[in-house]
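Undergrad: Here you go, entry16.txt (compact mmCIF, C-alpha atoms):
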```
# COMPACT_ATOMS: atom_id res chain seq x y z
CA MET Q 190 100.32 106.58 59.68
CA ARG Q 191 100.01 103.69 62.14
CA TRP Q 192 103.77 103.15 62.25
CA PHE Q 193 104.27 106.84 62.94
CA LEU Q 194 101.81 106.64 65.85
CA LEU Q 195 103.57 103.57 67.23
CA THR Q 196 106.93 105.33 66.94
CA VAL Q 197 105.59 108.35 68.81
CA LEU Q 198 104.17 106.14 71.56
CA VAL Q 199 107.43 104.21 71.93
CA VAL Q 200 109.54 107.38 72.02
CA ASP Q 201 107.16 108.81 74.63
CA THR Q 202 107.53 105.62 76.65
CA ILE Q 203 111.32 105.81 76.50
CA LEU Q 204 111.35 109.46 77.58
CA LEU Q 205 108.96 108.76 80.44
CA ALA Q 206 111.04 105.79 81.59
CA ILE Q 207 114.18 107.95 81.63
CA LEU Q 208 112.51 110.72 83.63
CA GLU Q 209 110.91 108.24 86.03
CA LEU Q 210 114.24 106.54 86.59
CA PHE Q 211 116.17 109.75 87.21
CA PHE Q 212 113.59 111.18 89.62
CA LEU Q 213 113.09 107.93 91.57
CA PRO Q 214 115.53 108.92 94.36
CA LEU Q 215 113.48 112.03 95.32
CA ARG Q 216 113.51 112.79 99.04
CA MET Q 217 111.87 115.47 101.14
CA ASP Q 218 115.22 117.05 101.97
CA GLY Q 219 114.68 120.64 100.86
CA SER Q 220 116.53 120.47 97.55
CA LEU Q 221 113.54 119.87 95.25
CA LEU Q 222 110.74 119.02 97.68
CA PRO Q 223 110.06 120.68 101.05
CA THR Q 224 112.13 119.66 104.04
CA LEU Q 225 110.49 116.90 106.05
CA GLY Q 226 113.22 114.69 107.47
CA ALA Q 227 114.60 113.38 104.17
CA ILE Q 228 111.69 110.97 103.72
CA PRO Q 229 111.88 109.08 100.39
CA VAL Q 230 109.01 110.03 98.08
CA PRO Q 231 108.81 107.73 95.03
CA LEU Q 232 106.43 109.93 93.02
CA THR Q 233 107.67 108.45 89.78
CA VAL Q 234 106.18 105.09 90.74
CA LEU Q 235 102.76 106.73 90.56
CA VAL Q 236 103.66 108.22 87.17
CA ALA Q 237 104.74 104.78 85.92
CA VAL Q 238 101.57 103.14 87.26
CA LEU Q 239 99.42 105.65 85.40
CA THR Q 240 101.27 106.24 82.13
CA THR Q 241 102.68 102.86 81.12
CA PRO Q 242 99.29 101.07 80.95
CA LEU Q 243 97.85 104.10 79.17
CA LEU Q 244 100.53 103.91 76.49
CA VAL Q 245 99.99 100.17 76.10
CA VAL Q 246 96.23 100.62 75.67
CA GLN Q 247 96.70 103.45 73.18
CA ALA Q 248 99.15 101.40 71.11
CA GLY Q 249 96.64 98.57 71.00
CA ARG Q 250 93.79 100.89 70.11
CA LEU Q 251 95.48 103.21 67.61
CA VAL Q 252 97.88 100.85 65.86
CA HIS Q 253 96.92 97.19 66.28
CA PRO Q 254 96.21 94.96 69.29
CA LYS Q 255 99.43 93.03 68.66
CA ALA Q 256 101.43 96.28 68.73
CA ALA Q 257 100.37 96.91 72.34
CA PHE Q 258 103.45 95.09 73.62
CA ALA Q 259 105.84 97.71 72.16
CA PRO Q 260 105.50 100.38 74.90
CA LEU Q 261 105.88 97.77 77.66
CA VAL Q 262 108.99 96.28 76.06
CA ALA Q 263 110.44 99.75 75.44
CA TRP Q 264 109.84 100.72 79.08
CA VAL Q 265 111.45 97.56 80.48
CA VAL Q 266 114.45 97.72 78.12
CA THR Q 267 115.00 101.42 78.88
CA VAL Q 268 114.79 100.96 82.65
CA VAL Q 269 117.06 97.92 82.68
CA ALA Q 270 119.59 99.29 80.20
CA LEU Q 271 119.80 102.78 81.67
CA GLY Q 272 119.29 101.67 85.27
CA LEU Q 273 122.09 99.12 85.28
CA THR Q 274 124.50 100.73 82.83
CA GLY Q 275 123.74 104.42 83.17
CA PRO Q 276 125.69 107.35 81.84
CA GLY Q 277 129.38 106.89 82.54
CA GLY Q 278 128.77 103.35 83.81
CA ASP Q 279 126.93 104.60 86.91
CA LEU Q 280 124.20 102.53 88.53
CA VAL Q 281 121.12 104.75 88.16
CA LEU Q 282 118.56 102.27 89.51
CA ILE Q 283 118.76 102.74 93.28
CA GLN Q 284 119.19 99.61 95.38
CA ASP Q 285 116.31 99.67 97.84
CA TRP Q 286 112.57 99.10 98.09
CA ARG Q 287 111.79 101.99 95.74
CA ALA Q 288 113.41 100.17 92.82
CA LEU Q 289 111.24 97.09 93.37
CA LEU Q 290 108.15 99.24 93.73
CA PHE Q 291 109.12 101.11 90.56
CA LEU Q 292 109.64 97.93 88.52
CA ALA Q 293 106.40 96.40 89.80
CA GLY Q 294 104.47 99.64 89.30
CA GLY Q 295 105.66 100.00 85.73
CA THR Q 296 105.32 96.42 84.57
CA LEU Q 297 102.35 94.82 86.34
CA PRO Q 298 99.62 97.32 85.41
CA ALA Q 299 101.03 97.54 81.89
CA ALA Q 300 101.03 93.74 81.60
CA MET Q 301 97.39 93.67 82.68
CA ALA Q 302 96.59 96.36 80.10
CA LEU Q 303 98.48 94.33 77.49
CA GLY Q 304 96.31 91.31 78.26
CA GLY Q 305 93.22 93.43 77.82
CA ALA Q 306 94.51 94.88 74.55
CA LEU Q 307 95.34 91.44 73.16
CA ALA Q 308 91.90 90.11 74.12
CA VAL Q 309 90.23 92.58 71.73
CA LYS Q 310 89.60 91.39 68.20
CA PRO Q 311 91.36 93.61 65.61
CA GLY Q 312 88.05 94.45 63.87
CA ARG Q 313 86.48 95.65 67.13
CA ALA Q 314 89.53 97.74 68.05
CA SER Q 315 89.34 99.81 64.87
CA ALA Q 316 85.54 99.98 64.89
CA SER Q 317 85.39 101.39 68.43
CA GLY Q 318 88.13 104.02 67.86
```
Please render this file's structure as structure tokens.
TA:
Amino acid sequence: MRWFLLTVLVVDTILLAILELFFLPLRMDGSLLPTLGAIPVPLTVLVAVLTTPLLVVQAGRLVHPKAAFAPLVAWVVTVVALGLTGPGGDLVLIQDWRALLFLAGGTLPAAMALGGALAVKPGRASASG
């Protein structure tokens, strides 16, 4: 059952990373968001900041503390692989400040959550859940 939970968490991480990457270039240009001067709105950075650490913590809590690294690794591999060699060889990861904010927002909070998950003894992780 634990491996099934870890698989679900990793697949969820991959799907979130794909959606976050594809919606990173959102602008307020009237096509999807209201018109407001084509201002870039990196909403997916906020999604990455909130969901990636949550998935890391849940993997550490539900599976094993050492398994907490799996969602973070899956997110980074998905973003790098799809962002640099996207469908048809296109570069999906945009080349401006939003990409750096996206990478930092997805990895840094998740890395801090990973440190917290690894600091928990395995006996305490299963006893508290």
Undergrad: Could you pull the residues within 12 Å of range 274-278 of chain Q, counting all atoms listed in the file, minus those fewer than 6 positions along the same chain, as an NGL selection string?
TA: :Q and (207 or 210-211 or 266-268)
Undergrad: Would you save the residues of that selection, restricted to C-alpha atoms, as a tab-separated table (two decimals), in the coordinates of the input?
TA:
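Once written, result25.tsv looks like this:
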```
chain	number	residue	atom	x	y	z
Q	207	ILE	CA	114.18	107.95	81.63
Q	210	LEU	CA	114.24	106.54	86.59
Q	211	PHE	CA	116.17	109.75	87.21
Q	266	VAL	CA	114.45	97.72	78.12
Q	267	THR	CA	115.00	101.42	78.88
Q	268	VAL	CA	114.79	100.96	82.65
```
Undergrad: Tell me which of Q:Leu213, Q:Leu204, Q:Leu303, Q:Leu239 sits closest to Leu289 in chain Q, counting all atoms listed in the file.
TA: Q:Leu213
Undergrad: What gap, in Å, lies between CA of Met301 in chain Q and CA of Asp201 in chain Q?
TA: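 Distance between the two atoms: 19.7 Å.
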Undergrad: Can you tell me which residues surround Thr241 in chain Q at a distance of at most 9 Å, considering all atoms listed in the file, apart from same-chain residues fewer than 2 positions away, and format the answer as a list of chain:residue names?
TA: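 Residues near the query, excluding close chain neighbours: Q:Thr202, Q:Leu205, Q:Ala206, Q:Val236, Q:Ala237, Q:Val238, Q:Leu239, Q:Leu243, Q:Leu244, Q:Val245, Q:Val246, Q:Pro260, Q:Leu261, Q:Trp264, Q:Gly294, Q:Gly295, Q:Thr296, Q:Pro298, Q:Ala299, Q:Ala302.
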Undergrad: Report, in Å to a single decimal, how far apart CA of Val230 in chain Q and CA of Val269 in chain Q are.
TA: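 CA of Val230 in chain Q lies at a distance of 21.2 Å from CA of Val269 in chain Q.
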Undergrad: When you draw a straight line from CA of Glu209 in chain Q to CA of Ile228 in chain Q, how long is it in Å?
TA: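 Interatomic distance here is 17.9 Å.
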Undergrad: Of the candidates Q:Thr196, Q:Thr233, Q:Thr240, Q:Gln247, which one gets nearest to Phe212 in chain Q if we count all atoms listed in the file?
TA: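 Result for the nearest residue to Phe212 in chain Q: Q:Thr233.
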Undergrad: Quick one: everything within 12 Å of Leu194 in chain Q, counting all atoms listed in the file, minus sequence neighbours fewer than 5 positions away in the same chain. Send it as a list of chain:residue names.
TA: Q:Val199, Q:Val200, Q:Asp201, Q:Leu244, Q:Gln247, Q:Ala248, Q:Gly249, Q:Arg250, Q:Leu251, Q:Val252, Q:His253, Q:Ala256, Q:Ala257, Q:Ala259, Q:Pro260
Undergrad: Go through Q:Leu271, Q:Ile203, Q:Ala263, Q:Leu232 one by one, measure the shortest atom-to-atom distance of each to Leu215 in chain Q using all atoms listed in the file, and give the residue with the smallest value.
TA: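 Comparing Q:Leu271, Q:Ile203, Q:Ala263, Q:Leu232 against Leu215 in chain Q, the winner is Q:Leu232.
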Undergrad: Would you please work out which residue, of Q:Gly272, Q:Pro242, Q:Pro214, Q:Gly226, is nearest to Ala306 in chain Q when using only C-alpha atoms?
TA: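 Looking only at the distances to Ala306 in chain Q, the closest residue turns out to be Q:Pro242.
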Undergrad: For Pro254 in chain Q, which residue among Q:Ala227, Q:Val309, Q:Leu297, Q:Val197 is the nearest when counting all atoms listed in the file?
TA: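 Closest to Pro254 in chain Q of all the choices is Q:Val309.
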